[in-house]
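Asker: The structure is given below, and queries will be raised subsequently.
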Amino acid sequence: MADIAAALSHALDLTEGQPAGHCLRCCWIGVHVGRGLGLSDAELSDLYYAIMLKDLGCSSNAARICSHYLTDDLSFKRDFKQIDGSLPQALRFILEHAGLQAGMAERFRTLYKVLSYGGELAKDLIETRCTRGADIAEMLRFGPAVQQTIRCLDEHWDGTGLPNRISGKLIPLYSQIALLSQVADVFHTIGGRELAIREVLNRSGTWFDPELVGSFRSVAADKAIWSGLANPDLQAEVINLQPVSIDRKVDEDMLDDFAEAFAKVVDAKSPFMPHQV
């Protein structure tokens, strides 16, 4: 299963507007954080697949982004991962993205709508993405831990996340690790190790449990973690991270489920498939 999930994760990177290997790099970071926390093999296995497939629902909001914001969904998603949720960054993001595919009058109307109803629009997009991703994870026969990780991926420690604004220990640990790994990879890709660490630390107590950030800081001190991200054989290395004591074999029925699930990921990208989203 690790081989198949790793290969198909590249499709999720493309749909989410991320550089190739994003999910693999997040998995590499997250599993090392999980090991640092002393998670069992069974727990690491669930964490492994939850991070690898965290973006299963990413295509479900593509048509909505194009419709609501009149912009390219891939650049929108890529750049959205770079803001910390502060008002100045959020406003700059909206001004730089909303209505770019429209004339001046239509762009002003779009900006007005987004500035007036931005919170509701964001909740709708993230709720659709997370719910759809969890449903596809269930279709792939992953258990509640993996499903809930994906469902709560964008929740924040201080309760400001989406879609349900849950906080603290109510957020699944794997969701916290997955989001932290995502932040680390996004900013490492942009500016390297120091920037990645700084952006994670800056979110301590807001996005992330301070204790988790402390564990990440210990793991991040190992420069091999960061050099591993640039390894041309990273996919093979990530496949080897799957705990060998957990048997996850794929039979023909399971292959059919994977094919059907990823067909739904592709279908959901299209505005002509509303019943899929």
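How things are named: the first chain in the structure tokens is A, the next is B, and so on; residues count from 1 in each chain; ligands count from 1 in the order shown.
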Please run DSSP on the backbone and report, as a VMD selection string, all residues within stretch 30-256 of chain A that come out as helix (DSSP H, G or I).
Answerer: chain A and resid 30 to 36 41 to 52 58 to 69 73 to 80 87 to 97 104 to 139 144 to 151 168 to 170 173 to 191 193 to 202 210 to 220 223 to 228 234 to 241 252 to 256
Asker: Residues at most 10 Å from stretch 91-93 of chain A, counting only C-alpha atoms, excluding those fewer than 3 positions away in the same chain, as a ChimeraX atom specification?
Answerer: /A:76,79-80,82-83,85-88,96-98,115
Asker: For the residues in the current selection, export N, CA and C atoms as a PDB file, in the first residue's frame.
Answerer:
ATOM      1  N   PHE A  76      -4.029  29.968  -6.019  1.00  0.00           N
ATOM      2  CA  PHE A  76      -4.762  30.332  -4.808  1.00  0.00           C
ATOM      3  C   PHE A  76      -4.401  29.374  -3.668  1.00  0.00           C
ATOM      4  N   ASP A  79      -0.568  29.662  -2.572  1.00  0.00           N
ATOM      5  CA  ASP A  79      -0.222  30.852  -1.799  1.00  0.00           C
ATOM      6  C   ASP A  79      -0.982  30.931  -0.475  1.00  0.00           C
ATOM      7  N   PHE A  80      -2.167  30.329  -0.422  1.00  0.00           N
ATOM      8  CA  PHE A  80      -2.951  30.347   0.813  1.00  0.00           C
ATOM      9  C   PHE A  80      -2.202  29.644   1.942  1.00  0.00           C
ATOM     10  N   GLN A  82       0.760  29.884   2.601  1.00  0.00           N
ATOM     11  CA  GLN A  82       1.880  30.698   3.067  1.00  0.00           C
ATOM     12  C   GLN A  82       1.461  31.803   4.035  1.00  0.00           C
ATOM     13  N   ILE A  83       0.156  31.963   4.286  1.00  0.00           N
ATOM     14  CA  ILE A  83      -0.268  33.024   5.195  1.00  0.00           C
ATOM     15  C   ILE A  83      -0.543  32.441   6.574  1.00  0.00           C
ATOM     16  N   GLY A  85      -2.757  33.640   8.790  1.00  0.00           N
ATOM     17  CA  GLY A  85      -4.094  33.934   9.298  1.00  0.00           C
ATOM     18  C   GLY A  85      -4.252  35.315   9.892  1.00  0.00           C
ATOM     19  N   SER A  86      -3.161  36.068   9.979  1.00  0.00           N
ATOM     20  CA  SER A  86      -3.258  37.425  10.513  1.00  0.00           C
ATOM     21  C   SER A  86      -4.023  38.302   9.528  1.00  0.00           C
ATOM     22  N   LEU A  87      -4.668  39.349  10.039  1.00  0.00           N
ATOM     23  CA  LEU A  87      -5.487  40.210   9.189  1.00  0.00           C
ATOM     24  C   LEU A  87      -4.694  40.858   8.056  1.00  0.00           C
ATOM     25  N   PRO A  88      -3.516  41.429   8.318  1.00  0.00           N
ATOM     26  CA  PRO A  88      -2.763  42.046   7.210  1.00  0.00           C
ATOM     27  C   PRO A  88      -2.429  41.045   6.101  1.00  0.00           C
ATOM     28  N   GLU A  96      -4.418  40.243  -3.763  1.00  0.00           N
ATOM     29  CA  GLU A  96      -3.516  39.705  -4.776  1.00  0.00           C
ATOM     30  C   GLU A  96      -4.136  38.583  -5.594  1.00  0.00           C
ATOM     31  N   HIS A  97      -5.297  38.049  -5.140  1.00  0.00           N
ATOM     32  CA  HIS A  97      -5.857  36.888  -5.819  1.00  0.00           C
ATOM     33  C   HIS A  97      -7.282  37.059  -6.327  1.00  0.00           C
ATOM     34  N   ALA A  98      -8.114  37.739  -5.574  1.00  0.00           N
ATOM     35  CA  ALA A  98      -9.540  37.790  -5.933  1.00  0.00           C
ATOM     36  C   ALA A  98      -9.770  38.590  -7.208  1.00  0.00           C
ATOM     37  N   LEU A 115     -14.613  40.318   0.804  1.00  0.00           N
ATOM     38  CA  LEU A 115     -14.382  41.063   2.038  1.00  0.00           C
ATOM     39  C   LEU A 115     -15.606  41.029   2.953  1.00  0.00           C
TER      40      LEU A 115
END
Asker: For A:Cys66, which of A:Gly119, A:Gly191, A:Gly99, A:Gly36 is the closest residue, counting only C-alpha atoms?
Answerer: A:Gly99
Asker: Per residue of stretch 204-249 of chain A within 12 Å of stretch 10-20 of chain A, which atom pair is closest and at what distance in Å (one decimal), using only C-alpha atoms, listed by chain and increasing number, as a tab-separated table?
Answerer:
residue	atom	partner	partner_atom	distance
A:Leu229	CA	A:Ala20	CA	11.7
A:Ala230	CA	A:Ala20	CA	11.7
A:Pro232	CA	A:Ala20	CA	11.7
A:Leu234	CA	A:Ala20	CA	11.5
A:Gln235	CA	A:His10	CA	10.3
Asker: Looking at A:Ser75, A:Ser59, A:Asn202, A:Gln176, which one is nearest to A:Ile126, with distances taken over only C-alpha atoms?
Answerer: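 For A:Ile126, the nearest of the candidates is A:Ser59.
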Asker: When you look at A:Asp41 with a cut-off of 10 Å (counting only C-alpha atoms), what residues show up, excluding the ones that are within fewer than 2 positions of it in the same chain? I need them as a compact mmCIF listing (two decimals) with C-alpha atoms, in the first residue's frame.
Answerer:
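Below is the file part36.txt, written as the result:
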# COMPACT_ATOMS: atom_id res chain seq x y z
CA GLY A 34 5.84 11.00 15.54
CA ARG A 35 8.86 8.88 16.32
CA GLY A 38 7.30 7.82 20.99
CA LEU A 39 4.28 6.72 18.96
CA GLU A 43 0.05 4.79 15.57
CA LEU A 44 2.90 5.66 13.20
CA SER A 45 1.23 3.65 10.44
CA ASP A 46 -2.01 5.62 10.77
CA LEU A 47 -0.04 8.88 10.93
CA GLN A 242 6.16 2.59 6.88
CA PRO A 243 6.49 0.41 10.03
CA VAL A 244 7.29 -3.12 8.86
CA SER A 245 5.38 -4.66 11.77
CA ILE A 246 2.09 -3.35 10.34
Asker: For A:Lys54, list every protein, DNA or RNA residue within 8 Å, evaluated using only C-alpha atoms, and leave out those in the same chain fewer than 2 positions away; present the list as a ChimeraX atom specification.
Answerer: /A:23,49-52,56-57,133,149-150,153,178
Asker: So which one's closest to A:Arg78, A:Gln148, A:Thr189, A:Thr160, A:Ser40? Using only C-alpha atoms, please.
Answerer: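 Nearest to A:Arg78: A:Thr189.
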Asker: Ranking A:Ala42, A:Met139, A:Ala220, A:Cys152 by minimum distance to A:Leu195 and counting only C-alpha atoms, which one comes first?
Answerer: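 Selected residue with least distance to A:Leu195: A:Ala220.
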